[in-house]
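Shown below: target.txt, with compact mmCIF, C-alpha atoms.
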```
# COMPACT_ATOMS: atom_id res chain seq x y z
CA MET A 230 0.00 0.00 0.00
CA GLY A 231 2.86 2.38 0.87
CA SER A 232 4.44 1.91 -2.57
CA GLN A 233 1.12 2.63 -4.27
CA VAL A 234 0.62 5.84 -2.30
CA ASN A 235 4.16 7.00 -3.05
CA VAL A 236 3.80 6.27 -6.77
CA VAL A 237 0.53 8.24 -6.88
CA SER A 238 2.33 11.09 -5.10
CA ASP A 239 5.08 11.04 -7.75
CA PHE A 240 2.43 11.11 -10.49
CA THR A 241 0.56 13.97 -8.80
CA LYS A 242 3.73 16.05 -8.64
CA ALA A 243 4.25 15.45 -12.36
CA ILE A 244 0.70 16.59 -13.16
CA ASN A 245 1.12 19.72 -11.02
CA GLN A 246 4.12 20.72 -13.11
CA LEU A 247 2.44 20.06 -16.45
CA SER A 248 2.05 23.78 -17.18
CA ASP A 249 5.82 24.30 -16.94
CA ARG A 250 7.04 25.93 -20.16
CA ARG A 251 9.81 23.35 -20.47
CA PHE A 252 7.23 20.56 -20.30
CA MET A 253 5.08 22.25 -22.95
CA ARG A 254 8.08 22.75 -25.22
CA VAL A 255 8.84 19.02 -25.15
CA PHE A 256 5.15 18.22 -25.69
CA VAL A 257 4.90 20.48 -28.76
CA LEU A 258 8.16 19.14 -30.21
CA GLY A 259 7.22 15.50 -29.59
CA VAL A 260 3.69 15.73 -31.00
CA GLY A 261 4.75 18.03 -33.85
CA LEU A 262 7.54 15.71 -34.99
CA THR A 263 5.20 12.73 -34.65
CA ILE A 264 2.53 14.31 -36.86
CA ALA A 265 5.19 15.31 -39.39
CA LEU A 266 6.61 11.76 -39.49
CA LEU A 267 3.20 10.09 -39.85
CA ALA A 268 2.18 12.60 -42.54
CA ALA A 269 5.42 11.92 -44.41
CA ALA A 270 4.86 8.15 -44.08
CA THR A 271 1.33 8.53 -45.45
CA TRP A 272 2.54 10.62 -48.40
CA GLY A 273 5.28 8.06 -49.07
CA MET A 274 2.82 5.16 -49.10
CA VAL A 275 0.44 7.03 -51.41
CA TRP A 276 3.33 7.88 -53.75
CA LEU A 277 4.46 4.25 -53.74
CA VAL A 278 0.96 2.95 -54.51
CA GLY A 279 0.53 5.55 -57.24
CA GLY A 280 3.82 4.50 -58.81
CA LEU A 281 3.16 0.74 -58.70
CA VAL A 282 -0.51 0.64 -59.74
CA PRO A 283 -1.34 1.47 -63.38
CA GLU A 284 -3.87 4.19 -64.22
CA SER A 285 -6.05 1.60 -65.98
CA PHE A 286 -6.07 -2.11 -66.79
CA THR A 287 -8.26 -4.66 -68.52
CA ILE A 288 -9.44 -8.06 -67.22
CA PHE A 289 -11.44 -10.40 -69.49
CA GLY A 290 -12.29 -7.54 -71.77
CA TYR A 291 -13.51 -5.25 -69.01
CA GLY A 292 -11.61 -2.04 -68.56
CA PHE A 293 -10.99 -0.52 -65.16
CA GLY A 294 -9.98 3.12 -64.92
CA ARG A 295 -8.15 4.96 -62.15
CA PRO A 296 -7.53 2.05 -59.74
CA ASP A 297 -4.51 4.01 -58.54
CA ALA A 298 -6.76 6.78 -57.23
CA LEU A 299 -8.98 4.27 -55.43
CA LEU A 300 -6.03 2.47 -53.84
CA SER A 301 -4.40 5.76 -52.89
CA ALA A 302 -7.57 6.83 -51.08
CA ALA A 303 -7.69 3.43 -49.34
CA THR A 304 -4.03 3.82 -48.35
CA ILE A 305 -4.75 7.19 -46.75
CA GLY A 306 -7.59 5.59 -44.77
CA VAL A 307 -5.39 2.73 -43.59
CA MET A 308 -2.61 5.10 -42.57
CA LEU A 309 -5.05 7.31 -40.64
CA VAL A 310 -6.26 4.28 -38.69
CA ALA A 311 -2.68 3.12 -38.11
CA SER A 312 -1.75 6.61 -36.91
CA VAL A 313 -4.26 6.31 -34.07
CA PHE A 314 -2.29 3.34 -32.72
CA LEU A 315 1.16 4.64 -33.63
CA MET A 316 0.75 8.20 -32.33
CA VAL A 317 1.61 7.45 -28.70
CA PRO A 318 4.58 5.09 -29.21
CA VAL A 319 6.07 7.39 -31.84
CA ALA A 320 5.49 10.43 -29.62
CA SER A 321 7.16 8.52 -26.77
CA ALA A 322 10.18 7.86 -28.96
CA PHE A 323 10.49 11.52 -29.96
CA THR A 324 9.99 12.67 -26.38
CA GLY A 325 12.92 10.43 -25.43
CA PHE A 326 15.16 12.79 -27.42
CA PHE A 327 14.18 15.62 -25.07
CA LEU A 328 13.84 13.64 -21.84
CA ASP A 329 16.72 15.51 -20.25
CA ASP A 330 14.74 18.77 -20.49
CA VAL A 331 11.81 17.26 -18.56
CA ALA A 332 14.03 15.65 -15.92
CA ALA A 333 16.05 18.87 -15.54
CA ALA A 334 12.83 20.88 -15.07
CA VAL A 335 11.70 18.49 -12.32
CA GLU A 336 15.06 18.53 -10.58
CA SER A 337 15.39 22.32 -10.68
CA ARG A 338 12.00 22.66 -8.96
CA TYR A 339 12.06 19.78 -6.47
CA TYR A 340 15.73 18.83 -6.09
CA PRO A 341 17.75 22.05 -6.50
CA TYR A 342 20.42 20.75 -4.09
CA LEU A 343 21.55 18.03 -6.52
CA PRO A 344 24.75 18.45 -8.54
CA PRO A 345 24.34 18.87 -12.31
CA ALA A 346 23.37 15.67 -14.09
CA ASP A 347 25.36 14.17 -16.93
CA PRO A 348 22.96 14.51 -19.90
CA VAL A 349 22.49 11.43 -22.06
CA HIS A 350 24.39 11.86 -25.32
CA TRP A 351 22.16 12.70 -28.28
CA GLY A 352 23.28 9.62 -30.20
CA GLU A 353 22.56 7.36 -27.24
CA ALA A 354 19.16 8.97 -26.70
CA MET A 355 18.26 8.45 -30.35
CA LYS A 356 19.41 4.83 -30.29
CA ASP A 357 17.47 4.09 -27.09
CA SER A 358 14.34 5.84 -28.38
CA ILE A 359 14.36 3.96 -31.68
CA ASN A 360 14.92 0.66 -29.89
CA PHE A 361 12.07 1.44 -27.50
CA LEU A 362 9.76 2.31 -30.40
CA GLY A 363 10.55 -0.98 -32.11
CA VAL A 364 10.06 -3.02 -28.93
CA ILE A 365 6.77 -1.39 -27.91
CA ILE A 366 5.28 -1.79 -31.40
CA ALA A 367 6.46 -5.39 -31.75
CA VAL A 368 5.25 -6.43 -28.30
CA ASN A 369 1.86 -4.79 -28.79
CA LEU A 370 1.41 -6.49 -32.17
CA VAL A 371 2.02 -9.86 -30.54
CA ALA A 372 -0.16 -8.94 -27.55
CA LEU A 373 -2.95 -7.90 -29.93
CA ILE A 374 -3.56 -11.59 -30.66
CA LEU A 375 -3.74 -12.37 -26.95
CA TYR A 376 -6.15 -9.50 -26.30
CA PHE A 377 -8.82 -11.33 -28.30
CA MET A 378 -8.21 -14.48 -26.25
CA VAL A 379 -8.57 -12.89 -22.81
CA GLY A 380 -11.80 -11.05 -23.67
CA PRO A 381 -12.90 -8.59 -20.97
CA PHE A 382 -9.48 -8.75 -19.32
CA ALA A 383 -7.82 -7.25 -22.42
CA PRO A 384 -7.58 -3.70 -20.95
CA ILE A 385 -5.85 -5.03 -17.83
CA MET A 386 -3.42 -7.01 -19.95
CA PHE A 387 -2.80 -3.93 -22.12
CA TRP A 388 -1.99 -1.84 -19.05
CA MET A 389 0.30 -4.47 -17.55
CA VAL A 390 2.23 -5.14 -20.76
CA ASN A 391 2.71 -1.48 -21.59
CA GLY A 392 3.27 -0.65 -17.93
CA PHE A 393 6.24 -2.98 -17.85
CA LEU A 394 7.68 -1.49 -21.05
CA LEU A 395 7.07 2.15 -20.09
CA GLY A 396 8.39 1.67 -16.57
CA ARG A 397 11.51 -0.12 -17.72
CA GLU A 398 12.29 2.49 -20.38
CA TYR A 399 11.57 5.68 -18.46
CA PHE A 400 13.36 4.57 -15.29
CA GLN A 401 16.39 3.54 -17.33
CA LEU A 402 16.55 6.85 -19.20
CA VAL A 403 16.12 8.94 -16.04
CA ALA A 404 18.63 6.93 -14.00
CA MET A 405 21.25 7.04 -16.76
CA ARG A 406 21.58 10.80 -16.26
CA ARG A 407 22.82 10.20 -12.72
CA VAL A 408 24.56 6.82 -12.59
CA GLY A 409 25.27 5.83 -16.20
CA ARG A 410 23.90 2.88 -18.15
CA GLU A 411 25.21 0.09 -15.92
CA GLY A 412 24.23 1.87 -12.72
CA ALA A 413 20.76 2.48 -14.14
CA ARG A 414 20.38 -1.18 -15.06
CA ALA A 415 21.36 -2.24 -11.53
CA ALA A 416 18.93 0.26 -9.96
CA ARG A 417 16.15 -0.93 -12.25
CA LYS A 418 16.65 -4.53 -11.11
CA ARG A 419 16.53 -3.48 -7.46
CA HIS A 420 13.24 -1.64 -7.82
CA MET A 421 11.47 -3.50 -10.65
CA PRO A 422 8.17 -4.24 -8.80
CA THR A 423 7.68 -0.54 -7.95
CA ILE A 424 8.80 0.49 -11.45
CA TRP A 425 6.25 -1.87 -13.01
CA LEU A 426 3.52 -0.47 -10.74
CA ALA A 427 4.38 3.10 -11.75
CA GLY A 428 4.55 2.10 -15.41
CA THR A 429 1.07 0.57 -15.19
CA LEU A 430 -0.19 3.87 -13.79
CA MET A 431 1.33 5.54 -16.85
CA ALA A 432 -0.22 2.98 -19.20
CA ALA A 433 -3.80 3.48 -17.97
CA PRO A 434 -4.23 6.92 -19.67
CA LEU A 435 -3.03 5.38 -22.96
CA SER A 436 -6.64 4.26 -23.45
CA ILE A 437 -7.90 7.87 -23.42
CA PRO A 438 -7.53 9.85 -26.69
CA ILE A 439 -5.73 13.21 -26.45
CA VAL A 440 -4.83 12.53 -22.81
CA ASN A 441 -2.52 9.74 -23.99
CA LEU A 442 -0.35 12.29 -25.80
CA PHE A 443 0.74 13.68 -22.43
CA VAL A 444 1.86 10.27 -21.17
CA PRO A 445 5.49 10.56 -22.38
CA ILE A 446 6.04 13.84 -20.49
CA LEU A 447 4.19 12.70 -17.38
CA GLY A 448 6.12 9.43 -17.49
CA ALA A 449 9.50 11.15 -17.66
CA ALA A 450 8.56 13.51 -14.80
CA THR A 451 7.01 10.77 -12.63
CA PHE A 452 10.02 8.50 -12.98
CA THR A 453 12.37 11.36 -12.15
CA HIS A 454 10.58 11.68 -8.80
CA LEU A 455 10.45 7.91 -8.39
CA TYR A 456 14.15 7.44 -9.09
CA HIS A 457 15.25 10.04 -6.55
CA ARG A 458 12.81 8.75 -3.93
CA LEU A 459 13.84 5.11 -4.29
CA GLU A 460 17.55 5.80 -4.41
CA THR A 461 17.35 8.20 -1.45
CA GLN A 462 15.49 5.58 0.58
CA GLY A 463 18.00 2.93 -0.47
CA ALA A 464 20.95 5.11 0.53
CA ALA A 465 19.35 5.88 3.90
CA ALA A 466 18.67 2.20 4.54
CA ALA A 467 22.26 1.26 3.67
CA LYS A 468 23.62 3.97 5.97
CA SER A 469 21.49 2.80 8.90
CA ARG A 470 22.88 -0.75 8.75
```

Translate this file's structure into structure tokens.
Amino acid sequence: MGSQVNVVSDFTKAINQLSDRRFMRVFVLGVGLTIALLAAATWGMVWLVGGLVPESFTIFGYGFGRPDALLSAATIGVMLVASVFLMVPVASAFTGFFLDDVAAAVESRYYPYLPPADPVHWGEAMKDSINFLGVIIAVNLVALILYFMVGPFAPIMFWMVNGFLLGREYFQLVAMRRVGREGARAARKRHMPTIWLAGTLMAAPLSIPIVNLFVPILGAATFTHLYHRLETQGAAAAKSR
């Protein structure tokens, strides 16, 4: 119960800081880049279909005109539907590029006594974000089959699966700023049950349109609080032994 209350407290602090200009900057950049990428992908698919499908063809003496236009329109429809599912994971990946800004905003407000963090190198951030995007899409595609099998429990499974992925990723990225990649991995193993719980709390709003776009920022902020709280408690416990 104590862990649940503390995680909710971390989440509440993140929500209270949502109006921070640094948070909003990351939000606009993440969503803007996501929309641009999905729009570019849609245009690319339409261009590809238009280039591969002839303007007309004949089967058994019957002529068909402008199948390219019909397939192009269908492609746009498919991409729009796909964008609904891809918006959040892609936005999460882009937000990962600017995670340091969110974590720094949280630390400057709540932990001003800390020494400067070592920002994650841009190349590393890009690599981690792309890997995370691939993992979260692949896992959810596989889980999609299982969702149909578990029936009414599908939302719970969705939250738990994505909660594990979100928790693992955000804690790792936040911790890396302070203790490096290996130190972050060790801290993640120590606190995995609490991290999973916090990640599940992050995953619940993924089911709510529009609100889900704020999940990447809230996740980064929440896990910044969670990391400092858990590591502070761990240090205090070790000192008291």

CA of Val255 (chain A) to CA of Val440 (chain A) measures 15.3 Å

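Residues surrounding Phe252 (chain A) within 8 Å are Gln246, Leu247, Ser248, Asp249, Val255, Phe256, Asp330, Val331, Ala334 and Ile446 of chain A [only C-alpha atoms; sequence separation below 3 positions excluded].
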
From CA of Phe240 (chain A) to CA of Ile437 (chain A) the spacing works out at 16.9 Å

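Note that CA of Arg406 (chain A) and CA of Asp347 (chain A) are 5.1 Å apart.
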
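Using only C-alpha atoms, the nearest neighbour of Leu277 (chain A) within the list A:Gly396, A:Thr324, A:Ala265, A:Thr304 is A:Thr304.
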
Nearest to Pro422 (chain A), restricted to only C-alpha atoms and choosing among A:Arg254, A:Val275, A:Val236, A:Pro341, comes out as A:Val236

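Across A:His457, A:Arg251, A:His420, A:Arg397, the tightest approach to Leu328 (chain A) is made by A:Arg251 when counting only C-alpha atoms.
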
Practice task
Would you mind listing what lies within 12 Å of Val364 (chain A) as a PyMOL selection string, with all atoms listed in the file counted and same-chain residues fewer than 2 positions away left out?
Solution key: chain A and resi 318-319+322+357-362+366-372+390-391+393-395+397-398

Nearest to Val408 (chain A), restricted to all atoms listed in the file and choosing among A:Val257, A:Tyr456, A:Ile244, A:Gly448, comes out as A:Tyr456

message: List as a PyMOL selection string the protein and nucleic acid residues near Tyr340 (chain A), meaning an atom at most 12 Å away when only C-alpha atoms are counted, but skip any in the same chain fewer than 3 places from it.
response: chain A and resi 332-337+343-346+453-454+456-458+461

| message | Applying 6 Å and all atoms listed in the file, which residues near Ala243 (chain A) remain after dropping the ones on its own chain fewer than 6 positions away? List them as a ChimeraX atom specification. | response | /A:447,450-451

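Minimum distance to Met431 (chain A) across A:Leu258, A:Ala415, A:Leu459, A:Met389 (counting all atoms listed in the file) occurs at A:Met389.
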
Write a file for region 319-451 of chain A of the given structure; include C-alpha atoms and format it as a compact mmCIF listing (two decimals), in the first residue's frame.
```
# COMPACT_ATOMS: atom_id res chain seq x y z
CA VAL A 319 6.07 7.39 -31.84
CA ALA A 320 5.49 10.43 -29.62
CA SER A 321 7.16 8.52 -26.77
CA ALA A 322 10.18 7.86 -28.96
CA PHE A 323 10.49 11.52 -29.96
CA THR A 324 9.99 12.67 -26.38
CA GLY A 325 12.92 10.43 -25.43
CA PHE A 326 15.16 12.79 -27.42
CA PHE A 327 14.18 15.62 -25.07
CA LEU A 328 13.84 13.64 -21.84
CA ASP A 329 16.72 15.51 -20.25
CA ASP A 330 14.74 18.77 -20.49
CA VAL A 331 11.81 17.26 -18.56
CA ALA A 332 14.03 15.65 -15.92
CA ALA A 333 16.05 18.87 -15.54
CA ALA A 334 12.83 20.88 -15.07
CA VAL A 335 11.70 18.49 -12.32
CA GLU A 336 15.06 18.53 -10.58
CA SER A 337 15.39 22.32 -10.68
CA ARG A 338 12.00 22.66 -8.96
CA TYR A 339 12.06 19.78 -6.47
CA TYR A 340 15.73 18.83 -6.09
CA PRO A 341 17.75 22.05 -6.50
CA TYR A 342 20.42 20.75 -4.09
CA LEU A 343 21.55 18.03 -6.52
CA PRO A 344 24.75 18.45 -8.54
CA PRO A 345 24.34 18.87 -12.31
CA ALA A 346 23.37 15.67 -14.09
CA ASP A 347 25.36 14.17 -16.93
CA PRO A 348 22.96 14.51 -19.90
CA VAL A 349 22.49 11.43 -22.06
CA HIS A 350 24.39 11.86 -25.32
CA TRP A 351 22.16 12.70 -28.28
CA GLY A 352 23.28 9.62 -30.20
CA GLU A 353 22.56 7.36 -27.24
CA ALA A 354 19.16 8.97 -26.70
CA MET A 355 18.26 8.45 -30.35
CA LYS A 356 19.41 4.83 -30.29
CA ASP A 357 17.47 4.09 -27.09
CA SER A 358 14.34 5.84 -28.38
CA ILE A 359 14.36 3.96 -31.68
CA ASN A 360 14.92 0.66 -29.89
CA PHE A 361 12.07 1.44 -27.50
CA LEU A 362 9.76 2.31 -30.40
CA GLY A 363 10.55 -0.98 -32.11
CA VAL A 364 10.06 -3.02 -28.93
CA ILE A 365 6.77 -1.39 -27.91
CA ILE A 366 5.28 -1.79 -31.40
CA ALA A 367 6.46 -5.39 -31.75
CA VAL A 368 5.25 -6.43 -28.30
CA ASN A 369 1.86 -4.79 -28.79
CA LEU A 370 1.41 -6.49 -32.17
CA VAL A 371 2.02 -9.86 -30.54
CA ALA A 372 -0.16 -8.94 -27.55
CA LEU A 373 -2.95 -7.90 -29.93
CA ILE A 374 -3.56 -11.59 -30.66
CA LEU A 375 -3.74 -12.37 -26.95
CA TYR A 376 -6.15 -9.50 -26.30
CA PHE A 377 -8.82 -11.33 -28.30
CA MET A 378 -8.21 -14.48 -26.25
CA VAL A 379 -8.57 -12.89 -22.81
CA GLY A 380 -11.80 -11.05 -23.67
CA PRO A 381 -12.90 -8.59 -20.97
CA PHE A 382 -9.48 -8.75 -19.32
CA ALA A 383 -7.82 -7.25 -22.42
CA PRO A 384 -7.58 -3.70 -20.95
CA ILE A 385 -5.85 -5.03 -17.83
CA MET A 386 -3.42 -7.01 -19.95
CA PHE A 387 -2.80 -3.93 -22.12
CA TRP A 388 -1.99 -1.84 -19.05
CA MET A 389 0.30 -4.47 -17.55
CA VAL A 390 2.23 -5.14 -20.76
CA ASN A 391 2.71 -1.48 -21.59
CA GLY A 392 3.27 -0.65 -17.93
CA PHE A 393 6.24 -2.98 -17.85
CA LEU A 394 7.68 -1.49 -21.05
CA LEU A 395 7.07 2.15 -20.09
CA GLY A 396 8.39 1.67 -16.57
CA ARG A 397 11.51 -0.12 -17.72
CA GLU A 398 12.29 2.49 -20.38
CA TYR A 399 11.57 5.68 -18.46
CA PHE A 400 13.36 4.57 -15.29
CA GLN A 401 16.39 3.54 -17.33
CA LEU A 402 16.55 6.85 -19.20
CA VAL A 403 16.12 8.94 -16.04
CA ALA A 404 18.63 6.93 -14.00
CA MET A 405 21.25 7.04 -16.76
CA ARG A 406 21.58 10.80 -16.26
CA ARG A 407 22.82 10.20 -12.72
CA VAL A 408 24.56 6.82 -12.59
CA GLY A 409 25.27 5.83 -16.20
CA ARG A 410 23.90 2.88 -18.15
CA GLU A 411 25.21 0.09 -15.92
CA GLY A 412 24.23 1.87 -12.72
CA ALA A 413 20.76 2.48 -14.14
CA ARG A 414 20.38 -1.18 -15.06
CA ALA A 415 21.36 -2.24 -11.53
CA ALA A 416 18.93 0.26 -9.96
CA ARG A 417 16.15 -0.93 -12.25
CA LYS A 418 16.65 -4.53 -11.11
CA ARG A 419 16.53 -3.48 -7.46
CA HIS A 420 13.24 -1.64 -7.82
CA MET A 421 11.47 -3.50 -10.65
CA PRO A 422 8.17 -4.24 -8.80
CA THR A 423 7.68 -0.54 -7.95
CA ILE A 424 8.80 0.49 -11.45
CA TRP A 425 6.25 -1.87 -13.01
CA LEU A 426 3.52 -0.47 -10.74
CA ALA A 427 4.38 3.10 -11.75
CA GLY A 428 4.55 2.10 -15.41
CA THR A 429 1.07 0.57 -15.19
CA LEU A 430 -0.19 3.87 -13.79
CA MET A 431 1.33 5.54 -16.85
CA ALA A 432 -0.22 2.98 -19.20
CA ALA A 433 -3.80 3.48 -17.97
CA PRO A 434 -4.23 6.92 -19.67
CA LEU A 435 -3.03 5.38 -22.96
CA SER A 436 -6.64 4.26 -23.45
CA ILE A 437 -7.90 7.87 -23.42
CA PRO A 438 -7.53 9.85 -26.69
CA ILE A 439 -5.73 13.21 -26.45
CA VAL A 440 -4.83 12.53 -22.81
CA ASN A 441 -2.52 9.74 -23.99
CA LEU A 442 -0.35 12.29 -25.80
CA PHE A 443 0.74 13.68 -22.43
CA VAL A 444 1.86 10.27 -21.17
CA PRO A 445 5.49 10.56 -22.38
CA ILE A 446 6.04 13.84 -20.49
CA LEU A 447 4.19 12.70 -17.38
CA GLY A 448 6.12 9.43 -17.49
CA ALA A 449 9.50 11.15 -17.66
CA ALA A 450 8.56 13.51 -14.80
CA THR A 451 7.01 10.77 -12.63
```
